[in-house]
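Below is the file final07.txt, which contains compact mmCIF, C-alpha atoms and all ligand atoms.
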# COMPACT_ATOMS: atom_id res chain seq x y z
CA MET A 367 18.29 -5.46 -2.25
CA GLN A 368 20.05 -8.55 -0.81
CA ASN A 369 19.09 -7.25 2.56
CA ALA A 370 15.48 -6.15 1.95
CA GLN A 371 12.56 -8.12 3.44
CA LYS A 372 12.11 -10.50 0.54
CA SER A 373 8.31 -10.65 0.76
CA ILE A 374 8.16 -7.02 -0.42
CA PHE A 375 8.96 -8.20 -3.94
CA THR A 376 7.40 -11.67 -4.25
CA GLU A 377 4.34 -11.77 -6.50
CA GLY A 378 1.63 -14.17 -7.52
CA PHE A 379 0.14 -15.17 -4.17
CA ARG A 380 -3.65 -15.18 -4.43
CA HIS A 381 -4.58 -14.65 -0.77
CA HIS A 382 -3.58 -11.72 1.40
CA TYR A 383 -4.15 -10.36 4.89
CA ALA A 384 -3.12 -6.99 6.29
CA LEU A 385 -3.14 -6.23 10.01
CA GLU A 386 -2.71 -2.68 11.28
CA LEU A 387 -2.27 -2.33 15.04
CA LYS A 388 -1.64 0.41 17.58
CA LEU A 389 0.27 0.09 20.86
CA ARG A 390 -2.02 0.22 23.85
CA GLN A 391 -1.56 3.08 26.27
CA GLY A 392 0.95 1.95 28.90
CA ALA A 393 2.30 -1.02 26.92
CA SER A 394 6.11 -1.02 26.92
CA ASP A 395 8.16 -1.28 23.75
CA GLN A 396 9.94 -4.29 25.33
CA ASP A 397 6.70 -6.20 25.94
CA PHE A 398 5.58 -5.33 22.43
CA LEU A 399 8.78 -6.70 20.87
CA LEU A 400 8.44 -9.94 22.85
CA ALA A 401 4.86 -10.28 21.63
CA LEU A 402 5.95 -9.55 18.06
CA ARG A 403 8.55 -12.32 18.20
CA THR A 404 5.82 -14.76 19.31
CA ALA A 405 3.43 -13.38 16.68
CA LEU A 406 5.82 -14.17 13.85
CA SER A 407 6.86 -17.68 14.94
CA ASN A 408 3.57 -19.36 14.11
CA GLY A 409 4.84 -22.93 13.61
CA LEU A 410 2.63 -23.48 10.56
CA ASP A 411 3.58 -26.16 8.00
CA ASN A 412 3.13 -23.86 5.04
CA PRO A 413 3.59 -20.44 6.62
CA PRO A 414 2.61 -17.44 4.52
CA GLN A 415 5.25 -14.91 3.65
CA CYS A 416 5.07 -11.92 5.95
CA ALA A 417 6.30 -8.34 5.66
CA VAL A 418 6.67 -6.23 8.83
CA GLY A 419 6.46 -2.44 9.11
CA PHE A 420 6.54 -0.07 12.09
CA GLY A 421 4.73 3.23 12.56
CA PRO A 422 7.13 6.19 12.25
CA ASP A 423 6.94 7.21 15.95
CA LEU A 424 7.61 3.69 17.21
CA TRP A 425 10.43 3.15 14.68
CA LYS A 426 12.11 6.39 15.82
CA ARG A 427 12.10 5.05 19.41
CA LEU A 428 13.25 1.54 18.48
CA SER A 429 16.03 2.46 16.04
CA PRO A 430 16.82 6.18 16.21
CA ASP A 431 19.96 5.85 14.09
CA GLN A 432 18.12 4.12 11.22
CA VAL A 433 15.33 6.57 10.48
CA PRO A 434 14.97 7.52 6.78
CA ALA A 435 15.33 11.26 6.24
CA ASP A 436 11.69 12.10 5.48
CA LEU A 437 9.82 9.38 7.43
CA THR A 438 6.66 10.88 9.01
CA SER A 439 3.28 9.73 10.26
CA PHE A 440 0.48 10.07 7.73
CA GLN A 441 -1.57 13.24 8.18
CA ALA A 442 -5.18 13.42 7.02
CA ILE A 443 -5.70 15.37 3.79
CA LYS A 444 -8.62 17.78 3.79
CA SER A 445 -9.45 18.22 0.12
CA PRO A 446 -10.86 21.52 -1.17
CA VAL A 447 -12.29 19.79 -4.26
CA THR A 448 -12.95 16.08 -3.68
CA VAL A 449 -13.27 13.52 -0.87
CA ASP A 450 -10.86 13.74 2.10
CA ALA A 451 -8.13 11.21 2.88
CA PRO A 452 -8.43 10.26 6.55
CA ALA A 453 -5.44 9.21 8.68
CA SER A 454 -5.43 6.03 10.78
CA GLN A 455 -1.75 5.89 11.69
CA GLY A 456 -0.79 2.91 13.86
CA ASP A 457 2.43 1.33 15.17
CA LEU A 458 2.62 -2.08 13.49
CA TRP A 459 1.73 -3.33 10.02
CA LEU A 460 1.85 -7.01 9.02
CA TRP A 461 1.19 -8.31 5.50
CA PHE A 462 0.67 -12.05 5.02
CA LYS A 463 0.38 -13.78 1.64
CA ASN A 464 0.10 -17.34 0.39
CA ASN A 465 -1.88 -19.35 -2.16
CA ASP A 466 -3.57 -21.24 0.69
CA PRO A 467 -6.23 -19.08 2.37
CA SER A 468 -6.18 -21.34 5.45
CA SER A 469 -2.52 -20.64 6.12
CA VAL A 470 -3.05 -16.90 5.65
CA PHE A 471 -5.98 -16.89 8.06
CA ASP A 472 -4.17 -18.99 10.68
CA ALA A 473 -1.03 -16.84 10.56
CA ALA A 474 -3.02 -13.61 10.88
CA LEU A 475 -5.08 -14.95 13.79
CA ILE A 476 -2.00 -16.32 15.60
CA ALA A 477 -0.25 -12.96 15.18
CA ARG A 478 -3.29 -11.03 16.36
CA ASN A 479 -3.69 -13.22 19.44
CA ALA A 480 -0.01 -12.87 20.35
CA LEU A 481 -0.18 -9.08 20.05
CA ILE A 482 -3.59 -8.34 21.53
CA ASP A 483 -2.37 -7.66 25.11
CA THR A 484 0.00 -4.93 23.92
CA CYS A 485 -1.84 -3.67 20.82
CA GLU A 486 -5.32 -2.84 19.65
CA VAL A 487 -6.41 -3.75 16.14
CA ILE A 488 -7.07 -0.79 13.85
CA LEU A 489 -7.60 -2.76 10.66
CA SER A 490 -7.89 -6.50 9.99
CA GLN A 491 -8.19 -6.84 6.24
CA PRO A 492 -8.29 -10.04 4.20
CA GLY A 493 -8.06 -9.75 0.43
CA PHE A 494 -7.41 -11.64 -2.77
CA ILE A 495 -6.12 -11.37 -6.31
CA TYR A 496 -8.99 -10.75 -8.73
CA TYR A 497 -8.50 -12.58 -12.04
CA GLU A 498 -5.11 -11.64 -13.53
CA SER A 499 -4.35 -8.83 -11.06
CA MET A 500 -7.30 -6.61 -11.86
CA ASP A 501 -8.81 -4.05 -9.57
CA LEU A 502 -12.54 -4.61 -8.96
CA MET A 503 -13.19 -1.72 -11.37
CA GLY A 504 -12.09 -4.10 -14.13
CA PHE A 505 -8.72 -2.58 -15.06
CA GLU A 506 -5.40 -4.35 -14.65
CA ASP A 507 -3.59 -2.89 -11.63
CA GLY A 508 0.21 -2.82 -11.52
CA THR A 509 1.00 -2.45 -15.24
CA ALA A 510 3.28 0.57 -14.89
CA ASN A 511 5.14 -0.83 -11.87
CA PRO A 512 8.93 -0.71 -12.27
CA LYS A 513 10.29 -4.00 -13.62
CA GLU A 514 13.15 -6.29 -12.52
CA ASP A 515 16.10 -4.37 -11.09
CA ASP A 516 14.29 -1.03 -11.44
CA ARG A 517 12.05 -2.10 -8.55
CA PHE A 518 14.78 -1.77 -5.95
CA PRO A 519 15.80 1.90 -6.22
CA ALA A 520 12.08 2.81 -6.42
CA ALA A 521 11.09 0.81 -3.33
CA LEU A 522 14.16 0.80 -1.06
CA VAL A 523 16.02 3.45 0.89
CA ALA A 524 19.39 3.87 -0.85
CA SER A 525 22.53 2.20 0.56
CA HIS A 526 24.56 4.28 3.02
CA GLN A 527 21.43 6.26 4.00
CA PRO A 528 19.82 5.84 7.43
CA GLY A 529 17.38 2.94 7.04
CA ALA A 530 19.21 1.55 3.98
CA ASP A 531 17.43 -1.36 2.27
CA GLY A 532 14.29 -0.62 4.24
CA SER A 533 11.13 0.66 2.57
CA ILE A 534 8.58 3.36 3.24
CA VAL A 535 5.20 1.71 3.04
CA PHE A 536 1.90 3.48 2.42
CA THR A 537 -1.41 1.72 3.04
CA GLN A 538 -4.86 3.11 2.26
CA LYS A 539 -8.12 1.21 2.25
CA TRP A 540 -10.48 2.45 -0.49
CA VAL A 541 -14.18 1.60 -0.69
CA HIS A 542 -15.53 1.60 -4.25
CA ASN A 543 -18.86 2.72 -5.62
CA LEU A 544 -18.99 0.14 -8.43
CA PRO A 545 -22.56 0.90 -9.59
CA LYS A 546 -21.48 4.50 -10.23
CA PHE A 547 -18.29 3.47 -12.07
CA ASN A 548 -20.01 0.74 -14.04
CA ALA A 549 -22.67 3.19 -15.23
CA LEU A 550 -19.93 4.84 -17.37
CA ASP A 551 -19.25 3.40 -20.81
CA ASP A 552 -15.85 1.75 -21.39
CA ASP A 553 -14.32 4.83 -23.05
CA GLU A 554 -15.30 7.10 -20.17
CA GLN A 555 -14.00 4.55 -17.64
CA GLY A 556 -10.75 4.59 -19.60
CA ARG A 557 -10.58 8.38 -19.27
CA VAL A 558 -10.99 8.08 -15.49
CA ILE A 559 -8.09 5.63 -15.25
CA GLY A 560 -5.95 6.93 -18.15
CA ARG A 561 -5.71 3.59 -19.95
CA THR A 562 -7.98 1.69 -22.34
CA LYS A 563 -10.06 -0.97 -20.60
CA TYR A 564 -9.52 -4.02 -22.81
CA ASP A 565 -6.08 -3.66 -24.36
CA ASN A 566 -4.74 -1.68 -21.37
CA GLU A 567 -2.93 0.94 -23.48
CA GLU A 568 -2.02 4.25 -21.87
CA LEU A 569 -4.03 7.11 -23.43
CA GLU A 570 -1.87 9.47 -25.44
CA GLY A 571 -1.78 13.17 -26.31
CA ASP A 572 -5.15 14.90 -26.38
CA ASP A 573 -6.89 11.63 -25.50
CA MET A 574 -5.30 11.64 -22.03
CA PRO A 575 -7.24 13.83 -19.57
CA ASP A 576 -5.21 15.85 -17.04
CA ASP A 577 -7.42 14.52 -14.25
CA SER A 578 -7.12 10.79 -15.05
CA HIS A 579 -5.60 8.56 -12.38
CA VAL A 580 -2.47 7.97 -14.46
CA SER A 581 -2.04 11.71 -15.13
CA ARG A 582 -2.22 12.47 -11.41
CA THR A 583 0.19 9.70 -10.30
CA ASP A 584 2.75 9.54 -13.15
CA VAL A 585 4.90 12.37 -11.82
CA LYS A 586 8.38 13.64 -12.74
CA ILE A 587 10.31 15.98 -10.47
CA ASP A 588 13.41 17.61 -12.00
CA GLY A 589 13.24 15.00 -14.75
CA VAL A 590 13.13 12.07 -12.31
CA ALA A 591 10.08 9.78 -12.55
CA GLN A 592 8.71 9.33 -9.02
CA LYS A 593 8.33 5.57 -9.35
CA ILE A 594 6.93 3.47 -6.51
CA TRP A 595 6.36 -0.29 -6.17
CA ARG A 596 2.64 -1.13 -5.83
CA GLN A 597 1.25 -4.37 -4.40
CA SER A 598 -2.39 -3.42 -3.73
CA PHE A 599 -5.05 -6.12 -3.34
CA PRO A 600 -8.84 -6.14 -3.75
CA PHE A 601 -11.09 -7.07 -0.83
CA GLY A 602 -14.70 -7.28 0.04
CA THR A 603 -18.18 -8.61 0.15
CA THR A 604 -21.16 -7.96 -2.10
CA GLU A 605 -22.03 -5.05 0.25
CA GLU A 606 -18.65 -3.38 0.75
CA HIS A 607 -15.60 -3.81 -1.45
CA GLY A 608 -12.63 -1.99 -2.82
CA LEU A 609 -8.86 -1.87 -2.91
CA TYR A 610 -6.33 -2.13 -0.11
CA PHE A 611 -3.78 0.19 -1.71
CA LEU A 612 -0.28 -0.87 -0.72
CA SER A 613 2.92 0.69 -1.96
CA PHE A 614 6.64 0.78 -1.22
CA ALA A 615 8.90 3.76 -1.83
CA CYS A 616 12.48 4.91 -1.28
CA GLU A 617 11.22 8.15 0.29
CA THR A 618 7.93 9.39 1.74
CA GLN A 619 7.87 12.34 -0.66
CA ARG A 620 7.22 10.10 -3.68
CA ILE A 621 3.87 8.99 -2.29
CA GLN A 622 2.93 12.31 -0.76
CA VAL A 623 3.40 14.11 -4.10
CA GLN A 624 1.01 11.67 -5.76
CA LEU A 625 -1.54 11.98 -2.95
CA ASP A 626 -1.42 15.79 -3.07
CA ARG A 627 -2.11 15.62 -6.81
CA MET A 628 -4.94 13.07 -6.34
CA PHE A 629 -6.72 15.08 -3.64
CA GLY A 630 -6.42 18.54 -5.23
CA ILE A 631 -3.67 19.94 -2.97
CA ALA A 632 -1.09 20.41 -5.77
CA ASP A 633 -0.60 23.83 -7.40
CA ASP A 634 -2.77 23.08 -10.44
CA GLY A 635 -5.79 22.44 -8.19
CA LEU A 636 -6.86 19.38 -10.20
CA TYR A 637 -7.97 16.18 -8.49
CA ASP A 638 -8.00 12.53 -9.53
CA ARG A 639 -11.32 11.43 -11.03
CA ILE A 640 -10.88 8.02 -9.38
CA THR A 641 -11.96 9.79 -6.16
CA GLU A 642 -15.44 10.23 -7.68
CA PHE A 643 -15.83 6.45 -7.65
CA SER A 644 -13.88 5.33 -4.59
CA THR A 645 -13.35 6.79 -1.12
CA PRO A 646 -10.37 6.24 1.18
CA VAL A 647 -11.31 5.17 4.71
CA THR A 648 -7.82 4.65 6.26
CA GLY A 649 -4.29 5.92 5.60
CA ALA A 650 -0.90 5.26 7.19
CA TYR A 651 2.85 5.30 6.59
CA TRP A 652 5.10 2.53 7.93
CA PHE A 653 8.78 1.72 7.81
CA ALA A 654 9.62 -1.85 6.77
CA PRO A 655 13.27 -2.17 7.87
CA SER A 656 15.82 -4.31 6.07
CA GLN A 657 15.82 -8.00 6.99
CA SER A 658 19.00 -7.63 9.05
CA ALA A 659 17.65 -4.60 10.95
CA LEU A 660 14.46 -6.57 11.65
CA ASP A 661 16.43 -9.63 12.80
CA ARG A 662 18.49 -7.51 15.19
CA LEU A 663 15.32 -6.12 16.74
CA ILE A 664 13.33 -9.29 17.24
C1 LIG A 701 -1.81 3.20 -11.84
C2 LIG A 701 -5.93 1.64 -9.83
C3 LIG A 701 -5.00 4.35 -5.88
C4 LIG A 701 -0.57 5.27 -7.63
C5 LIG A 701 -3.03 2.59 -11.66
C6 LIG A 701 -3.76 1.86 -12.68
C7 LIG A 701 -4.90 1.42 -12.10
C8 LIG A 701 -4.91 1.88 -10.73
C9 LIG A 701 -5.99 0.59 -12.75
C10 LIG A 701 -3.29 1.67 -14.13
C11 LIG A 701 -2.49 0.44 -14.33
C12 LIG A 701 -1.17 0.44 -13.62
O1 LIG A 701 -0.20 1.05 -14.07
O2 LIG A 701 -1.12 -0.17 -12.55
C13 LIG A 701 -6.05 2.28 -8.60
C14 LIG A 701 -7.23 2.23 -7.77
C15 LIG A 701 -6.97 2.99 -6.66
C16 LIG A 701 -5.62 3.52 -6.81
C17 LIG A 701 -8.50 1.45 -8.11
C18 LIG A 701 -7.85 3.30 -5.50
C19 LIG A 701 -9.16 3.29 -5.56
C20 LIG A 701 -3.71 4.83 -6.00
C21 LIG A 701 -3.02 5.62 -5.02
C22 LIG A 701 -1.77 5.89 -5.52
C23 LIG A 701 -1.68 5.25 -6.82
C24 LIG A 701 -3.60 6.05 -3.68
C25 LIG A 701 -0.62 6.66 -4.94
C26 LIG A 701 -0.62 7.26 -3.76
C27 LIG A 701 -0.52 4.77 -8.91
C28 LIG A 701 0.64 4.89 -9.78
C29 LIG A 701 0.27 4.33 -11.01
C30 LIG A 701 -1.09 3.85 -10.85
C31 LIG A 701 2.00 5.49 -9.42
C32 LIG A 701 1.14 4.22 -12.27
C33 LIG A 701 1.09 5.51 -13.06
C34 LIG A 701 1.98 5.42 -14.29
O3 LIG A 701 3.18 5.67 -14.17
O4 LIG A 701 1.47 5.09 -15.38
N1 LIG A 701 -3.76 2.60 -10.48
N2 LIG A 701 -5.11 3.06 -7.98
N3 LIG A 701 -2.87 4.62 -7.07
N4 LIG A 701 -1.53 4.14 -9.58
FE1 LIG A 701 -3.32 3.63 -8.79
MG MG A 702 3.54 6.98 -18.17
Here is a file; write its structure as structure tokens.
Amino acid sequence: MQNAQKSIFTEGFRHHYALELKLRQGASDQDFLLALRTALSNGLDNPPQCAVGFGPDLWKRLSPDQVPADLTSFQAIKSPVTVDAPASQGDLWLWFKNNDPSSVFDAALIARNALIDTCEVILSQPGFIYYESMDLMGFEDGTANPKEDDRFPAALVASHQPGADGSIVFTQKWVHNLPKFNALDDDEQGRVIGRTKYDNEELEGDDMPDDSHVSRTDVKIDGVAQKIWRQSFPFGTTEEHGLYFLSFACETQRIQVQLDRMFGIADDGLYDRITEFSTPVTGAYWFAPSQSALDRLI
């Protein structure tokens, strides 16, 4: 953990910005790394914290001896039973956060301008914390995150493994249909999520549907809970809004298992009812190397 990018674990910042970029055809990795160095030295007085992740293909070229065992690009999921999960895999992911929206905006714009000759922008997504860390659907998001020291084995590649102290990042922009969700009464909304709306208790026994969001994502394999570290943030306007889902895991498999269960690819054929009320429009995996691996590179 000492060696992880520290911004992966810092919480409480109210303003966020995610940039997802793709190397331009013909741009060299060397020119890209020079541009990245400039992008991250913004000279601001109150610079936002920033986490950096690389697309799997680029990371394999840049640091072939530090590639986590199951790191892969995100592949679109064609669902037989609910909405599809499209892929928008890029080469660079930057996540800025601060309590001052001006500093977040400036840092994102400076980074974008430094990178624009070598990269095209796939996604440029500002966001914010809604009340006390609620999703726009009105439920607290992050409750079942691992706590304290349990965060690190969930989020970071284990020591002595290739990519140690790095993290496999998954990002997925979801656009909500709030009128449809808000037409449900509170109990039915609770059955979609798997928790009660106001006291945020997990539903138990027969009250917990097999197709609630919690049922689809709270997974054990061989007795091991497939915990991940989530840091999603809401975004949007009155016309289009949703959640920028953002998570960190020790291995790609942990996320992919949850996605397969959400989109009806798992053996039981069930899907996550949350997909009736929100639709993913992007999806990508990234590798956020340890701080020392990042320092060596740039
Ligand atoms: C739990 C919202 C997408 C993984 C939750 C909870 C909410 C929520 C309200 C319950 C409180 C909590 O424990 O945080 C959403 C929304 C999504 C979304 C609004 C998109 C529209 C995803 C995706 C994944 C995921 C794409 C994984 C690939 C999880 C996990 C939990 C969780 C692991 C904790 C389950 C448990 O152990 O109880 N989410 N989520 N979520 N979500 Fe999501
Ligand atoms: Mg549970």
Counting only C-alpha atoms and all ligand atoms, which protein, DNA or RNA residues come within 7 Å of ligand LIG 701 (chain A), given as a CSV table (one decimal) with C-alpha atoms, in the coordinates of the input?
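Final output, out-v2.csv:
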chain,number,residue,atom,x,y,z
A,501,ASP,CA,-8.8,-4.0,-9.6
A,503,MET,CA,-13.2,-1.7,-11.4
A,505,PHE,CA,-8.7,-2.6,-15.1
A,506,GLU,CA,-5.4,-4.4,-14.6
A,507,ASP,CA,-3.6,-2.9,-11.6
A,508,GLY,CA,0.2,-2.8,-11.5
A,509,THR,CA,1.0,-2.4,-15.2
A,510,ALA,CA,3.3,0.6,-14.9
A,511,ASN,CA,5.1,-0.8,-11.9
A,538,GLN,CA,-4.9,3.1,2.3
A,540,TRP,CA,-10.5,2.4,-0.5
A,542,HIS,CA,-15.5,1.6,-4.2
A,559,ILE,CA,-8.1,5.6,-15.2
A,561,ARG,CA,-5.7,3.6,-20.0
A,579,HIS,CA,-5.6,8.6,-12.4
A,580,VAL,CA,-2.5,8.0,-14.5
A,583,THR,CA,0.2,9.7,-10.3
A,584,ASP,CA,2.8,9.5,-13.2
A,593,LYS,CA,8.3,5.6,-9.4
A,594,ILE,CA,6.9,3.5,-6.5
A,608,GLY,CA,-12.6,-2.0,-2.8
A,609,LEU,CA,-8.9,-1.9,-2.9
A,611,PHE,CA,-3.8,0.2,-1.7
A,621,ILE,CA,3.9,9.0,-2.3
A,622,GLN,CA,2.9,12.3,-0.8
A,624,GLN,CA,1.0,11.7,-5.8
A,625,LEU,CA,-1.5,12.0,-3.0
A,640,ILE,CA,-10.9,8.0,-9.4
A,644,SER,CA,-13.9,5.3,-4.6
Could you state the separation of CA of Ala524 in chain A and CA of Asp633 in chain A in Å, given to one decimal place?
->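 The value is 29.0 Å.
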Which residue, A:Gly560, A:Pro655, A:Pro413, A:Pro600, has the smallest gap to ligand MG 702 (chain A) when you use only C-alpha atoms and all ligand atoms?
->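 Ranked by minimum distance to ligand MG 702 (chain A), first place goes to A:Gly560.
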Of the candidates A:Gly635, A:Pro528, A:Pro646, A:Pro545, which one gets nearest to Pro446 in chain A if we count all atoms listed in the file?
-> A:Gly635
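Excluding Phe629 in chain A and any residue on its chain fewer than 5 positions from it, the residues at most 7 Å away by only C-alpha atoms are Ser445, Thr448, Tyr637 and Asp638 of chain A.
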In Å, rounded to a single decimal, give me how far CA of Cys485 in chain A is from CA of Asp466 in chain A.
->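 Spanning CA of Asp466 in chain A to CA of Cys485 in chain A is a straight-line distance of 26.8 Å.
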Work out how far CA of Gln597 in chain A is from CA of Ile482 in chain A, in Å to one decimal.
->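 We find that CA of Ile482 in chain A and CA of Gln597 in chain A lie 26.7 Å from each other.
Distance check against Val433 in chain A using all atoms listed in the file: of A:Leu410, A:Val523, A:Ala473, A:Ala650, the minimum falls on A:Val523.
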Please list, as a compact mmCIF listing (two decimals) with C-alpha atoms, in the frame of the given file, the residues that have an atom at most 7 Å away from (-4.4, 2.1, 3.5) in the coordinates of this file, counting only C-alpha atoms.
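Okay, this is what ended up in selection.txt:
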# COMPACT_ATOMS: atom_id res chain seq x y z
CA PHE A 536 1.90 3.48 2.42
CA THR A 537 -1.41 1.72 3.04
CA GLN A 538 -4.86 3.11 2.26
CA LYS A 539 -8.12 1.21 2.25
CA TYR A 610 -6.33 -2.13 -0.11
CA PHE A 611 -3.78 0.19 -1.71
CA LEU A 612 -0.28 -0.87 -0.72
CA THR A 648 -7.82 4.65 6.26
CA GLY A 649 -4.29 5.92 5.60
CA ALA A 650 -0.90 5.26 7.19
When distances are computed from only C-alpha atoms, which of A:Asp661, A:Trp652, A:Pro512, A:Met628 shows the smallest separation from Val447 in chain A?
->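 Among the listed residues, A:Met628 lies closest to Val447 in chain A.
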Using only C-alpha atoms, pick whichever of A:Tyr383, A:Phe440, A:Phe653, A:Phe601 has the shortest atom-to-atom distance to Pro467 in chain A.
-> A:Tyr383
Specify the axis-aligned box that encloses all atoms of range 411-425 of chain A listed in the file after padding of 8 Å on each side, stating its centre and edge lengths in Å to one decimal as JSON.
{"center_x": 6.5, "center_y": -9.5, "center_z": 10.4, "size_x": 23.8, "size_y": 49.4, "size_z": 29.6}
